[in-house]
Each structure stands twice: as structure tokens, then as C-alpha cells.
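Data from coords.csv: CSV, C-alpha atoms
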```
chain,number,residue,atom,x,y,z
A,1107,MET,CA,111.6,75.1,172.0
A,1108,THR,CA,114.1,74.4,169.1
A,1109,ASP,CA,117.6,75.6,169.3
A,1110,VAL,CA,118.5,78.0,166.5
A,1111,PRO,CA,122.2,77.8,165.5
A,1112,LEU,CA,123.8,81.2,165.7
A,1113,PRO,CA,125.7,82.4,162.6
A,1114,GLN,CA,129.4,81.9,162.6
A,1115,ARG,CA,131.3,85.1,163.0
A,1116,ARG,CA,134.1,86.0,160.6
A,1117,GLU,CA,137.6,86.3,161.8
A,1118,GLN,CA,138.7,89.8,162.6
A,1119,PRO,CA,140.3,91.3,159.5
A,1120,ARG,CA,144.1,91.6,159.6
A,1121,ALA,CA,145.7,95.0,159.7
A,1122,LEU,CA,146.9,96.3,156.3
A,1123,PRO,CA,150.3,97.9,155.8
A,1124,ASP,CA,150.3,101.7,155.5
A,1125,VAL,CA,150.2,103.3,152.1
A,1126,THR,CA,152.6,106.2,152.4
A,1127,PRO,CA,153.6,108.8,149.7
A,1128,GLN,CA,157.2,107.4,149.7
A,1129,ARG,CA,156.2,103.7,149.4
A,1130,LEU,CA,153.7,104.5,146.6
A,1131,THR,CA,156.2,106.7,144.8
A,1132,GLU,CA,158.7,103.8,144.8
A,1133,TYR,CA,156.0,101.4,143.6
A,1134,ILE,CA,155.0,103.7,140.7
A,1135,LYS,CA,158.6,104.1,139.6
A,1136,ARG,CA,159.0,100.3,139.5
A,1137,LYS,CA,155.6,99.4,137.9
A,1138,LEU,CA,154.8,102.4,135.7
A,1139,PRO,CA,158.1,103.3,134.0
A,1140,GLN,CA,156.2,105.3,131.4
A,1141,LEU,CA,155.5,108.0,134.0
A,1142,LYS,CA,158.6,110.2,134.1
A,1143,ASN,CA,159.9,111.3,137.5
A,1144,PRO,CA,156.8,110.4,139.5
A,1145,VAL,CA,156.5,111.9,143.0
A,1146,VAL,CA,153.5,111.3,145.3
A,1147,LYS,CA,153.0,114.7,147.0
A,1148,THR,CA,150.0,113.8,149.2
A,1149,LEU,CA,147.9,110.7,149.8
A,1150,THR,CA,144.6,111.2,151.6
A,1151,PRO,CA,142.4,108.3,152.7
A,1152,ILE,CA,138.7,109.0,152.3
A,1153,LEU,CA,135.6,107.5,153.8
A,1154,ALA,CA,133.9,105.3,151.2
A,1155,GLY,CA,132.4,101.9,150.9
A,1156,PHE,CA,132.7,98.8,153.1
A,1157,SER,CA,134.6,96.6,150.7
A,1158,LYS,CA,137.3,98.9,149.4
A,1159,GLN,CA,139.6,101.5,150.9
A,1160,THR,CA,140.0,104.6,148.8
A,1161,PHE,CA,142.9,107.1,148.7
A,1162,LEU,CA,143.1,110.4,146.8
A,1163,ILE,CA,146.6,110.8,145.4
A,1164,ASP,CA,148.3,114.0,144.3
A,1165,LEU,CA,150.9,112.7,141.9
A,1166,GLU,CA,153.4,114.8,139.9
A,1167,CYS,CA,155.2,113.5,136.9
A,1168,ASP,CA,158.0,115.8,135.6
A,1169,GLY,CA,156.3,118.6,137.7
A,1170,ALA,CA,152.9,118.1,136.0
A,1171,ALA,CA,149.9,117.2,138.1
A,1172,MET,CA,148.4,113.8,137.6
A,1173,PRO,CA,145.8,113.3,140.4
A,1174,LEU,CA,144.9,109.6,141.0
A,1175,VAL,CA,142.6,107.5,143.0
A,1176,MET,CA,143.7,104.2,144.6
A,1177,ARG,CA,141.1,101.6,145.5
A,1178,ARG,CA,142.5,98.8,147.7
A,1179,ASP,CA,140.5,95.7,148.7
A,1180,LEU,CA,139.8,95.3,152.4
A,1181,PRO,CA,140.2,91.9,154.1
A,1182,GLY,CA,136.8,90.9,155.4
A,1183,GLY,CA,135.1,93.5,153.2
A,1184,SER,CA,131.4,93.4,152.4
A,1185,ALA,CA,131.8,91.9,148.9
A,1186,ASP,CA,133.6,89.0,147.4
A,1187,THR,CA,134.9,91.1,144.5
A,1188,SER,CA,138.2,92.7,144.0
A,1189,ALA,CA,139.0,96.2,142.7
A,1190,VAL,CA,141.1,94.2,140.2
A,1191,ASP,CA,138.0,92.4,139.0
A,1192,GLU,CA,136.3,95.7,138.2
A,1193,TYR,CA,139.3,97.1,136.3
A,1194,PRO,CA,138.7,95.5,132.8
A,1195,ILE,CA,135.1,96.6,132.9
A,1196,VAL,CA,136.0,100.2,133.8
A,1197,ALA,CA,138.6,100.1,131.1
A,1198,ALA,CA,136.1,98.8,128.5
A,1199,LEU,CA,133.5,101.5,129.5
A,1200,HIS,CA,136.2,104.2,129.3
A,1201,ARG,CA,137.1,103.0,125.8
A,1202,GLN,CA,133.4,103.4,124.9
A,1203,GLY,CA,133.5,107.0,126.0
A,1204,LEU,CA,131.5,106.7,129.1
A,1205,ARG,CA,132.3,109.1,131.9
A,1206,VAL,CA,134.2,106.7,134.1
A,1207,PRO,CA,137.7,107.3,135.6
A,1208,GLU,CA,140.5,106.6,133.2
A,1209,PRO,CA,142.2,103.3,134.3
A,1210,VAL,CA,145.9,103.6,134.9
A,1211,HIS,CA,147.0,100.3,136.6
A,1212,ALA,CA,145.7,97.2,138.3
A,1213,GLU,CA,147.8,95.3,140.9
A,1214,PRO,CA,146.6,91.8,141.7
A,1215,ASP,CA,149.6,91.0,144.0
A,1216,ALA,CA,148.6,91.5,147.6
A,1217,SER,CA,152.3,91.5,148.7
A,1218,GLU,CA,152.7,95.1,147.5
A,1219,PHE,CA,150.3,96.8,149.9
A,1220,GLY,CA,148.5,94.0,151.7
A,1221,GLU,CA,145.6,93.6,149.2
A,1222,PRO,CA,145.1,94.0,145.5
A,1223,PHE,CA,144.4,97.5,144.3
A,1224,THR,CA,143.8,99.7,141.3
A,1225,LEU,CA,144.9,103.2,140.2
A,1226,THR,CA,142.7,105.5,138.1
A,1227,ARG,CA,142.9,109.1,137.1
A,1228,ARG,CA,140.8,111.2,139.4
A,1229,ALA,CA,137.7,112.4,137.7
A,1230,PRO,CA,136.5,116.0,138.1
A,1231,GLY,CA,133.3,116.7,139.9
A,1232,ASN,CA,131.7,116.7,143.3
A,1233,VAL,CA,129.1,114.7,145.3
A,1234,VAL,CA,125.6,116.1,145.0
A,1235,SER,CA,123.5,116.6,148.0
A,1236,ASN,CA,122.0,113.5,149.6
A,1237,PRO,CA,118.4,114.1,150.9
A,1238,ILE,CA,118.9,111.2,153.3
A,1239,GLU,CA,121.5,113.3,155.1
A,1240,GLY,CA,119.0,116.1,155.6
A,1241,ARG,CA,120.6,118.4,153.0
A,1242,PRO,CA,118.0,120.2,150.8
A,1243,LEU,CA,117.6,119.2,147.1
A,1244,ASN,CA,118.8,121.9,144.8
A,1245,ALA,CA,119.7,122.6,141.1
A,1246,ASP,CA,122.9,120.5,141.5
A,1247,THR,CA,120.9,117.6,142.7
A,1248,ARG,CA,118.6,117.8,139.8
A,1249,THR,CA,121.5,118.1,137.3
A,1250,GLY,CA,123.2,115.2,139.0
A,1251,ALA,CA,120.1,113.0,138.8
A,1252,LEU,CA,119.7,113.8,135.1
A,1253,GLU,CA,123.3,113.1,134.4
A,1254,LEU,CA,123.0,109.8,136.2
A,1255,ALA,CA,119.9,108.8,134.3
A,1256,CYS,CA,121.7,109.6,131.0
A,1257,PHE,CA,124.7,107.6,132.0
A,1258,LEU,CA,122.6,104.6,133.1
A,1259,ALA,CA,120.7,104.7,129.8
A,1260,ARG,CA,123.9,104.7,127.8
A,1261,LEU,CA,125.4,102.0,130.0
A,1262,HIS,CA,122.4,99.7,129.5
A,1263,SER,CA,122.4,100.3,125.8
A,1264,LEU,CA,125.9,98.8,125.3
A,1265,LYS,CA,126.2,95.4,123.9
A,1266,PRO,CA,128.5,93.3,126.1
A,1267,ALA,CA,129.8,91.3,123.2
A,1268,ARG,CA,131.2,94.5,121.7
A,1269,LEU,CA,133.1,95.7,124.9
A,1270,ASP,CA,136.2,93.6,124.3
A,1271,LEU,CA,136.2,92.1,127.8
A,1272,PRO,CA,138.6,89.4,128.8
A,1273,ASN,CA,137.5,85.8,128.6
A,1274,GLY,CA,135.2,84.9,131.5
A,1275,PHE,CA,133.6,88.3,131.9
A,1276,TYR,CA,130.8,87.7,129.5
A,1277,ASP,CA,129.1,84.5,128.2
A,1278,PRO,CA,126.8,85.4,125.2
A,1279,LYS,CA,124.9,82.1,125.6
A,1280,LEU,CA,123.5,83.2,128.9
A,1281,THR,CA,120.0,84.7,129.0
A,1282,VAL,CA,119.1,87.7,131.2
A,1283,ARG,CA,117.3,85.2,133.4
A,1284,ASP,CA,120.4,83.1,133.7
A,1285,CYS,CA,122.5,86.1,134.7
A,1286,LEU,CA,120.0,87.2,137.3
A,1287,MET,CA,119.8,83.7,138.8
A,1288,ARG,CA,123.6,83.5,139.0
A,1289,GLN,CA,123.6,86.9,140.8
A,1290,ILE,CA,120.9,85.8,143.2
A,1291,GLU,CA,122.7,82.5,143.9
A,1292,GLY,CA,126.0,84.4,144.4
A,1293,CYS,CA,124.4,86.6,147.0
A,1294,GLY,CA,123.0,83.6,148.8
A,1295,ALA,CA,126.4,81.9,148.7
A,1296,PHE,CA,128.1,85.0,150.0
A,1297,TYR,CA,125.7,85.2,153.0
A,1298,ARG,CA,126.1,81.5,153.8
A,1299,ARG,CA,129.9,81.9,153.7
A,1300,HIS,CA,130.2,85.0,155.8
A,1301,ARG,CA,126.9,85.2,157.9
A,1302,LEU,CA,127.2,89.0,158.1
```
Could you rewrite the structure in this file as C-alpha cells?
Amino acid sequence: MTDVPLPQRREQPRALPDVTPQRLTEYIKRKLPQLKNPVVKTLTPILAGFSKQTFLIDLECDGAAMPLVMRRDLPGGSADTSAVDEYPIVAALHRQGLRVPEPVHAEPDASEFGEPFTLTRRAPGNVVSNPIEGRPLNADTRTGALELACFLARLHSLKPARLDLPNGFYDPKLTVRDCLMRQIEGCGAFYRRHRL
């Protein structure tokens, strides 16, 4: 019988510093001076994906509501991407008029809250029923599915060269096959590094 090497386990992720309304208020005052008299009233962590931590933020500026969402990277998350990596793409899509959250700020410095993070305006809407969770399909589900299909059609009709992305986000010389092969190789490399 041949011995099969067991995958190496990742180190346990380190604890992140707390994000509190007071700390976030002070941060916003320092980093976003264009926002007048910002005060974080409430900050609510929500259950979301496995690679980012998400907070709903009730921010007031000069007494006017400005609800935000914070997405903070997680150490040992399930992806090798950062919320900060996504920010220029979300900003480009927002400029094209796609229904994505309006970007507000990207913080690449992990010293502020333990990991890089982004802030976007909170988009209105709700989560449609998920049949996997045993909820019945209804009119909201159908409407949501149609809206998603229209969004994806518009997204895939965009020309990357016209999105005004930063250098390194798009190489017009690559074919679709090249892009897919890079993605497949990246997934394999991620597995080999982390052995999830």
C-alpha cells in the first residue's frame, strides 16, 4: 500500500480587531473629509461569504442618512482576492450605469482594521427566496431571476477596453481561451497553496 501524503493544514486565522461605531466614525472623519460631520449610528455584522466580512453601517452626515456597507477581507478566507481588488471593477461598472453599489472608499492598509476593506453605499432591495432553503418560489423570485438575467446580459455585453480600468486589470492581447486558462491555473494554484 502506498502512503498518501495528507494535505497541509492552514494556520488558524488571527483574530481581527473589532470594528466599532466610534472607531469607524473617527476613521471616516480622517479619510473622507468631504463627508460633513459623519457619525456611525449603528454597525451590524451580517452573515455573508467565506472570504469577506460584511457590515451594514447606518451613517449620518450632517443629520442626513447615508447607509453604507463595509466589506473587510478575512485572514485565511476562501479566496486569494481582496475587496480592494474588486473596488476598481465595481467603480467602472457603476460608471457604466449598472446596478451595483456606489463605491465610496477603498482602504488597502490592513493596519486600520486588521485587513483591507471597502465602503460602498448600501443598495436598496432584498434577497429573493432561495429554493435550496426550502422556501417556495413566488413572483419575487421570478422577478429577481429576470432582473439577474438582464443584468448579466448587460454585464457581458460591455467591452473591457472601454471600462477605464487601472493598468493590470485587462490585457486586450489575451484571448478568451487565455483568460479561462489563467483562471483554471489560478484555481489550481490556490488549492495547492491552501489545501482546503
Surrounding residues of A:Val1146 excluding itself and chain neighbours under 3 positions, 12 Å, all atoms listed in the file, as a ChimeraX atom specification | /A:1125-1135,1141,1143,1149-1150,1161-1175
Show which residues sit within 10 Å of A:Leu1264, as a PDB file with C-alpha atoms, keeping the file's coordinate frame. Count all atoms listed in the file, and ignore same-chain residues fewer than 5 positions away.
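Just written: out_6.pdb:
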```pdb
ATOM      1  CA  LEU A1199     133.500 101.500 129.500  1.00  0.00           C
ATOM      2  CA  GLN A1202     133.400 103.400 124.900  1.00  0.00           C
ATOM      3  CA  ALA A1259     120.700 104.700 129.800  1.00  0.00           C
ATOM      4  CA  LEU A1269     133.100  95.700 124.900  1.00  0.00           C
TER       5      LEU A1269
END
```
Looking at only C-alpha atoms, which of A:Glu1291, A:Asp1179, A:Glu1208, A:Glu1218 is the one that sits closest to A:Pro1194?
->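 Checking each candidate against A:Pro1194, we get A:Glu1208 as the closest.
Considering the residues A:Arg1228, A:Pro1151, A:Arg1178, A:Ala1198 and counting all atoms listed in the file, A:Phe1275 has its shortest atom-to-atom contact with A:Ala1198.
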Of the candidates A:Val1145, A:Ile1195, A:Ala1229, A:Ala1121, which shows the shortest atom-to-atom distance to A:Leu1271, using all atoms listed in the file?
-> A:Ile1195
Can you tell me how far atom CA of A:Phe1257 sits from atom CA of A:Pro1214, in Å to one decimal?
-> 28.7 Å
Expressed in Å to a single decimal, how great is the separation between atom CA of A:Val1206 and atom CA of A:Tyr1276?
-> 19.8 Å
Find the distance between atom CA of A:Ala1212 and atom CA of A:Ser1188 and write it in Å to one decimal.
->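 Calculated distance between atom CA of A:Ala1212 and atom CA of A:Ser1188 is 10.4 Å.
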